[in-house]
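Coordinates from query38.txt are shown below (compact mmCIF, C-alpha atoms and all ligand atoms).
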# COMPACT_ATOMS: atom_id res chain seq x y z
CA MET A 1 25.21 127.68 -30.70
CA SER A 2 27.01 124.33 -31.32
CA ASP A 3 25.08 121.54 -33.04
CA PRO A 4 24.90 118.98 -30.16
CA ILE A 5 23.36 121.50 -27.79
CA TRP A 6 20.88 122.55 -30.50
CA GLU A 7 19.90 118.93 -31.00
CA GLU A 8 19.43 118.53 -27.26
CA TRP A 9 17.18 121.62 -27.25
CA GLN A 10 15.09 120.13 -30.06
CA GLU A 11 14.75 116.90 -28.13
CA LEU A 12 13.80 118.75 -24.97
CA SER A 13 11.17 120.74 -26.89
CA LYS A 14 9.69 117.50 -28.26
CA ASP A 15 9.55 116.15 -24.74
CA TYR A 16 7.87 119.38 -23.59
CA ASN A 17 5.23 119.05 -26.35
CA GLU A 18 4.47 115.59 -25.05
CA LEU A 19 4.15 116.98 -21.54
CA GLU A 20 1.71 119.61 -22.82
CA THR A 21 -0.43 116.94 -24.48
CA VAL A 22 -0.45 114.74 -21.37
CA ASN A 23 -1.22 117.74 -19.16
CA GLY A 24 -4.07 118.69 -21.52
CA SER A 25 -5.67 115.27 -21.19
CA TYR A 26 -5.02 115.32 -17.42
CA LEU A 27 -6.89 118.65 -17.08
CA LYS A 28 -9.71 117.32 -19.25
CA LYS A 29 -10.01 114.22 -17.06
CA LEU A 30 -9.84 116.38 -13.94
CA ALA A 31 -12.75 118.50 -15.21
CA GLU A 32 -14.63 115.29 -16.07
CA LEU A 33 -13.88 113.92 -12.58
CA THR A 34 -15.14 117.08 -10.87
CA ASN A 35 -18.28 116.93 -13.00
CA LEU A 36 -18.86 113.29 -12.12
CA GLN A 37 -18.31 114.01 -8.44
CA GLN A 38 -20.88 116.83 -8.53
CA THR A 39 -23.38 114.62 -10.34
CA CYS A 40 -22.92 111.83 -7.76
CA LEU A 41 -23.36 114.31 -4.89
CA LYS A 42 -26.57 115.62 -6.47
CA HIS A 43 -27.89 112.05 -6.84
CA ILE A 44 -27.05 111.29 -3.21
CA ALA A 45 -28.83 114.45 -2.01
CA ARG A 46 -31.87 113.53 -4.12
CA GLN A 47 -31.88 109.93 -2.86
CA ARG A 48 -31.63 111.13 0.76
CA ASN A 49 -34.48 113.64 0.35
CA ARG A 50 -36.76 111.06 -1.17
CA LEU A 51 -35.81 108.43 1.41
CA LYS A 52 -36.67 110.93 4.14
CA MET A 53 -40.11 111.49 2.61
CA MET A 54 -40.64 107.75 2.15
CA LYS A 55 -39.73 107.11 5.79
CA LYS A 56 -42.42 109.58 6.86
CA ILE A 57 -44.98 107.87 4.64
CA VAL A 58 -44.00 104.40 5.89
CA LYS A 59 -44.49 105.59 9.47
CA GLN A 60 -48.06 106.63 8.62
CA LEU A 61 -48.91 103.35 6.86
CA LYS A 62 -51.27 101.15 8.79
CA ARG A 63 -49.13 98.35 10.15
CA GLU A 64 -51.97 95.93 10.86
CA VAL A 65 -52.98 95.92 7.18
CA ASN A 66 -49.55 95.95 5.51
CA ALA A 67 -47.25 94.53 8.19
CA ASP A 68 -45.06 92.44 5.83
CA LYS A 69 -44.83 95.09 3.15
CA VAL A 70 -43.99 97.82 5.67
CA ALA A 71 -41.24 95.68 7.19
CA GLU A 72 -39.86 94.88 3.73
CA LEU A 73 -39.88 98.52 2.68
CA LYS A 74 -38.20 99.60 5.92
CA ASN A 75 -35.47 97.04 5.29
CA TYR A 76 -34.94 98.28 1.72
CA ILE A 77 -34.71 101.88 2.95
CA MET A 78 -32.11 100.94 5.57
CA LYS A 79 -30.13 99.00 2.97
CA ARG A 80 -30.21 101.95 0.59
CA GLU A 81 -29.00 104.28 3.36
CA ALA A 82 -26.05 101.96 4.00
CA GLU A 83 -25.27 101.89 0.27
CA LEU A 84 -25.36 105.68 0.10
CA GLN A 85 -22.94 105.89 3.03
CA VAL A 86 -20.48 103.62 1.22
CA ILE A 87 -20.75 105.62 -2.03
CA GLU A 88 -20.34 108.87 -0.10
CA GLN A 89 -16.97 107.65 1.20
CA THR A 90 -15.60 107.81 -2.35
CA LEU A 91 -16.59 111.47 -2.83
CA PRO A 92 -15.13 114.76 -1.54
CA LYS A 93 -17.03 116.37 1.34
CA GLN A 94 -17.38 119.97 2.50
CA SER A 95 -15.50 120.82 5.71
CA ARG A 96 -17.62 121.91 8.66
CA LYS A 97 -17.49 125.37 10.24
CA TYR A 98 -14.84 124.57 12.88
CA LEU A 99 -12.39 123.26 10.27
CA LYS A 100 -13.12 126.17 7.94
CA ILE A 101 -12.31 128.62 10.74
CA VAL A 102 -9.08 126.80 11.68
CA LEU A 103 -7.77 125.73 8.27
CA GLY A 104 -9.64 127.94 5.82
CA SER A 105 -11.53 126.61 2.80
CA ILE A 106 -9.31 123.71 1.81
CA ASP A 107 -10.39 120.25 0.77
CA VAL A 108 -9.31 117.75 3.42
CA SER A 109 -11.08 114.68 2.04
CA PHE A 110 -9.15 111.56 1.06
CA LEU A 111 -10.66 109.71 -1.86
CA ASN A 112 -8.45 106.69 -1.39
CA LYS A 113 -9.55 104.14 1.23
CA GLU A 114 -5.99 103.20 2.13
CA ASP A 115 -5.14 106.87 2.88
CA LYS A 116 -8.22 107.14 5.11
CA PHE A 117 -7.20 104.04 7.01
CA LYS A 118 -3.62 105.32 7.45
CA TYR A 119 -4.87 108.69 8.70
CA LYS A 120 -7.11 107.07 11.33
CA ASP A 121 -4.33 104.69 12.38
CA GLU A 122 -1.93 107.63 12.73
CA TYR A 123 -4.54 109.52 14.78
CA GLU A 124 -4.81 106.62 17.25
CA LYS A 125 -1.00 106.36 17.50
CA PHE A 126 -0.70 110.13 17.91
CA LYS A 127 -3.13 110.02 20.86
CA LEU A 128 -1.24 107.15 22.49
CA ILE A 129 2.24 108.74 22.13
CA ASN A 130 0.99 112.01 23.59
CA HIS A 131 -0.67 110.23 26.50
CA VAL A 132 2.58 108.42 27.29
CA ILE A 133 4.30 111.85 27.36
CA ALA A 134 1.45 113.28 29.49
CA PHE A 135 1.73 110.30 31.86
CA PHE A 136 5.44 110.98 32.57
CA LEU A 137 4.87 114.74 32.80
CA SER A 138 2.09 114.17 35.38
CA ILE A 139 4.36 111.95 37.49
CA LEU A 140 7.21 114.49 37.27
CA ASN A 141 4.84 117.26 38.37
CA LEU A 142 3.56 115.13 41.21
CA TYR A 143 7.05 114.79 42.66
CA TYR A 144 8.55 118.18 41.74
CA ASP A 145 6.63 121.27 42.70
CA PHE A 146 8.20 123.51 40.05
CA ARG A 147 5.93 126.16 38.48
CA PRO A 148 7.61 126.27 35.00
CA LEU A 149 7.22 122.47 34.75
CA GLN A 150 3.50 122.78 35.62
CA LEU A 151 3.04 125.50 33.03
CA PHE A 152 4.88 123.41 30.43
CA TYR A 153 2.57 120.47 31.21
CA VAL A 154 -0.70 122.40 30.90
CA GLY A 155 0.64 124.20 27.80
CA PHE A 156 1.29 120.75 26.32
CA LEU A 157 -2.33 119.75 27.14
CA VAL A 158 -3.69 122.88 25.39
CA TRP A 159 -1.65 122.05 22.26
CA TYR A 160 -2.67 118.35 22.38
CA TYR A 161 -6.43 118.89 22.73
CA CYS A 162 -6.39 121.61 20.10
CA THR A 163 -4.58 119.28 17.65
CA ILE A 164 -6.81 116.28 18.18
CA SER A 165 -10.01 118.28 17.81
CA ILE A 166 -8.70 119.38 14.38
CA ARG A 167 -7.69 115.82 13.46
CA GLU A 168 -11.11 114.52 14.54
CA SER A 169 -12.87 117.09 12.39
CA ILE A 170 -10.78 115.91 9.42
CA LEU A 171 -11.73 112.30 10.22
CA LYS A 172 -15.41 113.33 10.29
CA VAL A 173 -15.14 114.93 6.84
CA ASN A 174 -13.80 111.58 5.71
CA GLY A 175 -16.79 109.61 6.88
CA SER A 176 -15.87 108.76 10.48
CA ARG A 177 -18.94 108.42 12.70
CA ILE A 178 -17.32 110.01 15.75
CA LYS A 179 -20.11 111.43 17.89
CA GLY A 180 -20.27 115.23 18.03
CA TRP A 181 -19.88 115.05 21.81
CA TRP A 182 -16.32 113.67 21.63
CA THR A 183 -15.18 116.51 19.37
CA LEU A 184 -16.93 119.04 21.62
CA HIS A 185 -15.34 117.31 24.63
CA HIS A 186 -11.88 117.90 23.14
CA VAL A 187 -12.65 121.54 22.27
CA LEU A 188 -13.85 122.08 25.89
CA SER A 189 -10.74 120.28 27.16
CA THR A 190 -8.63 122.83 25.24
CA VAL A 191 -10.52 125.60 27.05
CA GLY A 192 -10.18 123.75 30.39
CA SER A 193 -6.40 123.31 29.99
CA ALA A 194 -6.05 126.98 29.02
CA ILE A 195 -7.71 127.86 32.34
CA TYR A 196 -4.99 125.97 34.27
CA LEU A 197 -2.44 127.97 32.32
CA VAL A 198 -3.75 131.27 33.73
CA TRP A 199 -4.90 129.98 37.14
CA PRO A 200 -2.82 132.01 39.67
CA GLU A 201 -0.50 130.03 41.92
CA ASN A 202 -2.48 130.40 45.17
CA GLU A 203 -3.89 128.18 47.91
CA THR A 204 -6.77 126.84 45.75
CA TRP A 205 -4.34 125.62 43.09
CA SER A 206 -2.07 124.02 45.71
CA GLN A 207 -5.05 122.16 47.18
CA PHE A 208 -6.40 120.91 43.84
CA LYS A 209 -3.08 120.24 42.03
CA SER A 210 -2.39 116.70 43.19
CA GLN A 211 -5.99 115.53 42.55
CA PHE A 212 -5.75 117.05 39.06
CA LEU A 213 -2.47 115.19 38.39
CA TRP A 214 -3.81 111.85 39.69
CA TYR A 215 -6.88 112.29 37.50
CA ASN A 216 -4.62 112.84 34.49
CA ILE A 217 -2.56 109.76 35.32
CA TYR A 218 -5.75 107.67 35.45
CA ASN A 219 -6.92 109.26 32.19
CA CYS A 220 -3.64 108.21 30.49
CA LEU A 221 -4.19 104.60 31.59
CA ILE A 222 -7.73 104.64 30.19
CA GLN A 223 -6.40 106.07 26.94
CA TYR A 224 -4.09 103.06 26.63
CA LEU A 225 -7.06 100.69 26.98
CA GLN A 226 -9.07 102.78 24.50
CA PHE A 227 -6.14 102.64 22.05
CA LYS A 228 -6.05 98.82 22.22
CA TYR A 229 -9.83 98.67 21.61
CA GLN A 230 -9.99 101.30 18.83
CA ARG A 231 -6.96 99.94 16.95
CA GLY A 232 -8.31 96.39 17.20
CA ALA A 233 -11.64 97.60 15.81
CA LEU A 234 -9.95 99.57 13.02
CA TYR A 235 -7.93 96.59 11.73
CA ARG A 236 -10.84 94.18 12.06
CA LEU A 237 -13.20 96.55 10.23
CA LYS A 238 -10.68 96.90 7.42
CA ALA A 239 -10.39 93.11 7.15
CA LEU A 240 -14.20 92.79 7.20
CA GLY A 241 -14.52 95.02 4.15
CA GLU A 242 -12.08 92.85 2.20
CA ARG A 243 -13.72 89.77 0.75
CA ASP A 244 -10.59 87.61 0.63
CA LYS A 245 -10.12 87.91 4.42
CA MET A 246 -12.59 85.15 5.22
CA ASP A 247 -11.07 84.51 8.65
CA ILE A 248 -13.16 87.38 10.07
CA THR A 249 -16.96 87.41 10.00
CA ILE A 250 -19.54 90.01 11.03
CA GLU A 251 -20.57 87.76 13.95
CA GLY A 252 -16.93 87.30 14.97
CA PHE A 253 -16.40 91.06 14.90
CA HIS A 254 -19.45 91.65 17.08
CA SER A 255 -18.45 89.09 19.67
CA TRP A 256 -14.92 90.62 19.85
CA MET A 257 -16.43 94.13 20.12
CA TRP A 258 -18.83 93.26 22.97
CA LYS A 259 -16.01 91.55 24.89
CA GLY A 260 -13.84 94.66 24.42
CA LEU A 261 -16.64 96.98 25.53
CA THR A 262 -17.48 94.89 28.61
CA PHE A 263 -13.85 95.12 29.66
CA LEU A 264 -13.51 98.85 28.92
CA LEU A 265 -16.78 100.28 30.25
CA PRO A 266 -16.11 99.82 34.02
CA PHE A 267 -12.79 101.71 33.67
CA LEU A 268 -14.57 104.50 31.78
CA PHE A 269 -17.28 104.89 34.41
CA ILE A 270 -14.67 105.04 37.20
CA GLY A 271 -13.10 107.88 35.18
CA TYR A 272 -16.45 109.69 34.99
CA PHE A 273 -16.86 109.44 38.78
CA PHE A 274 -13.35 110.88 39.09
CA GLN A 275 -14.62 113.82 36.98
CA LEU A 276 -17.65 114.22 39.26
CA SER A 277 -15.41 114.16 42.31
CA ASN A 278 -13.18 116.85 40.70
CA ALA A 279 -16.29 118.99 40.09
CA ILE A 280 -17.42 118.63 43.74
CA VAL A 281 -13.96 119.36 45.21
CA LEU A 282 -13.61 122.43 42.98
CA TYR A 283 -17.12 123.60 43.84
CA LYS A 284 -16.25 123.48 47.55
CA LEU A 285 -12.93 125.23 46.83
CA SER A 286 -14.79 128.03 45.06
CA TYR A 287 -15.85 129.27 48.56
CA HIS A 288 -12.20 129.60 49.61
CA PRO A 289 -11.22 133.26 50.31
CA GLN A 290 -8.45 133.09 47.68
CA ALA A 291 -10.68 131.50 45.03
CA THR A 292 -10.69 133.17 41.61
CA TRP A 293 -13.17 132.58 38.74
CA HIS A 294 -10.93 129.74 37.45
CA VAL A 295 -12.10 127.44 40.26
CA MET A 296 -15.82 127.70 39.55
CA PHE A 297 -15.29 127.58 35.79
CA SER A 298 -13.20 124.43 36.11
CA SER A 299 -15.78 122.84 38.39
CA ALA A 300 -18.53 123.55 35.84
CA LEU A 301 -16.41 122.03 33.04
CA PHE A 302 -15.75 118.82 35.00
CA PHE A 303 -19.46 118.54 35.72
CA ILE A 304 -20.28 118.99 32.01
CA PHE A 305 -17.69 116.27 31.17
CA PHE A 306 -19.24 113.94 33.72
CA VAL A 307 -22.77 114.39 32.37
CA GLY A 308 -21.81 114.39 28.66
CA ASN A 309 -19.45 111.41 28.88
CA THR A 310 -21.84 109.33 30.99
CA ILE A 311 -24.83 109.91 28.70
CA THR A 312 -22.84 109.40 25.46
CA THR A 313 -21.16 106.22 26.71
CA ILE A 314 -24.41 104.76 28.09
CA MET A 315 -26.02 105.40 24.68
CA VAL A 316 -23.26 103.40 22.90
CA VAL A 317 -24.84 100.05 23.80
CA PRO A 318 -28.46 100.68 22.61
CA ASN A 319 -27.08 102.47 19.53
CA LYS A 320 -24.99 99.47 18.61
CA ILE A 321 -27.93 97.10 19.05
CA ARG A 322 -30.20 99.37 16.98
CA GLU A 323 -27.65 99.81 14.20
CA LYS A 324 -26.61 96.16 13.95
CA MET A 325 -28.56 95.63 10.71
CA MET A 326 -27.24 98.87 9.22
CA PHE A 327 -23.70 97.78 10.07
CA GLN A 328 -24.21 94.47 8.25
CA TYR A 329 -25.53 96.20 5.13
CA ARG A 330 -22.59 98.61 5.16
CA VAL A 331 -20.02 95.81 5.39
CA MET A 332 -21.75 93.81 2.64
CA THR A 333 -21.93 96.82 0.32
CA GLN A 334 -18.29 97.63 1.04
CA ARG A 335 -17.24 94.09 0.15
CA LEU A 336 -19.23 94.24 -3.09
CA TYR A 337 -17.61 97.56 -3.96
CA ASN A 338 -14.15 96.19 -3.34
CA VAL A 339 -14.82 93.21 -5.61
CA VAL A 340 -16.08 95.49 -8.42
CA ASN A 341 -13.11 97.84 -7.98
CA GLU A 342 -10.64 94.96 -8.09
CA LYS A 343 -12.25 93.66 -11.31
CA VAL A 344 -12.16 97.13 -12.94
CA ALA A 345 -8.49 97.51 -11.95
CA LYS A 346 -7.67 94.08 -13.45
CA ILE A 347 -9.46 94.93 -16.74
CA ASN A 348 -7.58 98.25 -16.94
CA LEU A 349 -4.28 96.46 -16.35
CA GLN A 350 -5.04 93.89 -19.09
CA ARG A 351 -5.96 96.69 -21.53
CA LYS A 352 -2.58 98.32 -20.95
N1 LIG B 1 -12.88 109.74 20.65
C1 LIG B 1 -12.68 109.72 19.33
N2 LIG B 1 -13.31 108.87 18.47
C2 LIG B 1 -14.21 108.03 19.01
C3 LIG B 1 -14.50 108.00 20.40
C4 LIG B 1 -13.77 108.92 21.24
N3 LIG B 1 -13.96 108.97 22.54
N4 LIG B 1 -15.44 107.07 20.62
C5 LIG B 1 -15.74 106.52 19.44
N5 LIG B 1 -15.00 107.07 18.47
C6 LIG B 1 -15.06 106.80 17.01
C7 LIG B 1 -14.80 105.34 16.67
O1 LIG B 1 -13.41 105.11 16.43
C8 LIG B 1 -15.62 105.20 15.40
O2 LIG B 1 -14.86 105.78 14.33
P1 LIG B 1 -15.05 105.34 12.76
O3 LIG B 1 -16.46 105.68 12.37
O4 LIG B 1 -14.02 106.16 12.07
O5 LIG B 1 -14.76 103.86 12.71
C9 LIG B 1 -16.81 106.10 15.63
O6 LIG B 1 -16.41 107.03 16.62
C10 LIG B 1 -18.06 105.37 16.09
O7 LIG B 1 -17.78 104.71 17.29
P2 LIG B 1 -18.88 103.88 18.06
O8 LIG B 1 -19.21 102.67 17.24
O9 LIG B 1 -19.99 104.76 18.49
O10 LIG B 1 -18.12 103.44 19.37
P3 LIG B 1 -16.83 102.53 19.55
O11 LIG B 1 -17.26 101.10 19.68
O12 LIG B 1 -15.77 102.81 18.57
O13 LIG B 1 -16.31 103.05 20.99
C11 LIG B 1 -16.39 103.50 23.32
C12 LIG B 1 -17.16 103.02 22.10
C13 LIG B 1 -17.36 103.61 24.48
C14 LIG B 1 -15.30 102.50 23.65
C15 LIG B 1 -15.75 104.88 22.98
O14 LIG B 1 -16.76 105.77 22.58
C16 LIG B 1 -14.97 105.46 24.13
O15 LIG B 1 -13.84 105.08 24.36
N6 LIG B 1 -15.60 106.37 24.85
C17 LIG B 1 -15.00 106.97 26.04
C18 LIG B 1 -14.20 108.20 25.78
C19 LIG B 1 -13.97 108.91 27.07
O16 LIG B 1 -14.77 108.84 27.96
N7 LIG B 1 -12.90 109.66 27.21
C20 LIG B 1 -12.63 110.39 28.43
C21 LIG B 1 -11.96 109.49 29.41
S1 LIG B 1 -12.07 110.04 31.09
When written as structure tokens, how does the structure in this file appear?
Amino acid sequence: MSDPIWEEWQELSKDYNELETVNGSYLKKLAELTNLQQTCLKHIARQRNRLKMMKKIVKQLKREVNADKVAELKNYIMKREAELQVIEQTLPKQSRKYLKIVLGSIDVSFLNKEDKFKYKDEYEKFKLINHVIAFFLSILNLYYDFRPLQLFYVGFLVWYYCTISIRESILKVNGSRIKGWWTLHHVLSTVGSAIYLVWPENETWSQFKSQFLWYNIYNCLIQYLQFKYQRGALYRLKALGERDKMDITIEGFHSWMWKGLTFLLPFLFIGYFFQLSNAIVLYKLSYHPQATWHVMFSSALFFIFFVGNTITTIMVVPNKIREKMMFQYRVMTQRLYNVVNEKVAKINLQRK
């Protein structure tokens, strides 16, 4: 071997030794990190257990005697719960059953806040883009009675609902407070769309088809309004958690949110009545001589959507009023955390 190439080998080996050392300390830190994460999770579980017991005791305390103390303790407990929620956001979480079945046992938690924000933002954009596509497909199907186009459309719906139910489950693992009903709604919508895929092309389908397409067109319009509201909330919540963004306050956020909800709710309830009307029309169609099981099944699903959506949406308002204090504590804790993190990052930078 010639000398220059030998020298290069030596240099490469030295570089490799360095890599081994760095990798060694990386693995050590990784083990330390996993240990710290486990310890934090154990602390959180312990805190939650004891808070649960304390809540029971507080409920039994005689209010007339200790009114002030009971109120103070209740407030402290609520504050601690908000703090635990913020800490939990920085730790990995176990996937739930549905995700485990679909994706297997992989860790889908983001530990970085910016990544979480991006994922949620992408999810909202993904929903909007697919509803724009669904909107045009519905209109095309309304004007062209072409079976392959109909099958393509409902196949697209099956794929869409399946995908968003997975994305929502990933969001939940990462601390999103999406109500279980909405995820279930999207799983049931996957089933519902699959039914249209196998519904035979007979008289019942011909009679229901245009109502189904108009319902979907209306749904796409609602989704646009929901997108505007959810994206607005997402960016405002992000700004609220950052202390330097003083142009947004908790009160300001609430007033924007109530305005948004007041505008959105009437459109949502019209949509729910559309679902009820679909259920009734399908129920009547189920007595048609050519009716197959798809008609009754679809009617039952629309009725379930009507009931589930109406109850969940009606509950949004009292829930928001009840959780107002909790929301404030969460935002305040988040701000405090961001300040501490910024300071730690600055100290680390100066040390380097
Ligand atoms: N789908 C997915 N996520 C939803 C959701 C929905 N329908 N409704 C709320 N969320 C999410 C929010 O983005 C929030 O996420 P985050 O914790 O990651 O920030 C979380 O759930 C908690 O939301 P919440 O505070 O309870 O409500 P909100 O103010 O965000 O939204 C509504 C309230 C009523 C506007 C919303 O629930 C909604 O649009 N519901 C109607 C959905 C519907 O009926 N679809 C069918 C149309 S026919």
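Here atom CA of Lys93 of chain A stands at a distance of 6.0 Å from atom CA of Val173 of chain A.
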- prompt: Which residues, protein or nucleic acid, reach to within 12 Å of (-34.9, 108.6, 0.3) in the file's coordinates when using all atoms listed in the file, and can you give that as a count of residues only?
  reply: 27
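Of the listed residues (A:Ile87, A:Leu264, A:Val191, A:Val108), A:Leu264 comes nearest to Gln226 of chain A; the distances count only C-alpha atoms.
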message: So the first atom is atom CA of Phe146 of chain A and the second is atom C20 of ligand LIG 1 (chain B); what is the distance between them in Å, to one decimal place?
response: 27.2 Å
Taking all atoms listed in the file into account, produce a table as a Markdown table in which each residue of segment 142-184 of chain A with an atom at most 12 Å from an atom of segment 298-312 of chain A appears once, together with its shortest atom pair and the distance in Å to one decimal, ordered by chain and rising number.
| residue | atom | partner | partner_atom | distance |
| --- | --- | --- | --- | --- |
| A:Ile178 | CA | A:Thr312 | CA | 11.2 |
| A:Lys179 | CA | A:Thr312 | CA | 8.3 |
| A:Gly180 | CA | A:Thr312 | CA | 9.8 |
| A:Trp181 | CA | A:Gly308 | CA | 7.1 |
| A:Trp182 | CA | A:Asn309 | CA | 8.2 |
| A:Thr183 | CA | A:Asn309 | CA | 11.6 |
| A:Leu184 | CA | A:Gly308 | CA | 9.7 |
- prompt: When you draw a straight line from atom CA of Lys120 of chain A to atom CA of Leu171 of chain A, how long is it in Å?
  reply: 7.1 Å
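Each of A:Val281, A:Leu237, A:Met296, A:Leu137 was compared to ligand LIG 1 (chain B) using only C-alpha atoms and all ligand atoms, and A:Leu237 turns out to be the nearest.
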field: Residue contacts of Tyr229 of chain A (9 Å, all atoms listed in the file) excluding same-chain residues fewer than 5 positions away, as JSON, numbers by chain
entry: {"A": [224, 234, 257, 260, 261, 264]}
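In terms of minimum interatomic distance to Phe136 of chain A, A:Cys220 ranks closest within A:Val331, A:Leu99, A:Cys220, A:Leu33, counting all atoms listed in the file.
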Using 4 Å of padding on each side, determine the axis-aligned box around all atoms of ligand LIG 1 (chain B) present in the file and give its centre and edge lengths in Å to one decimal, as AutoDock Vina command-line options.
--center_x -16.0 --center_y 105.7 --center_z 21.6 --size_x 16.0 --size_y 17.3 --size_z 27.0
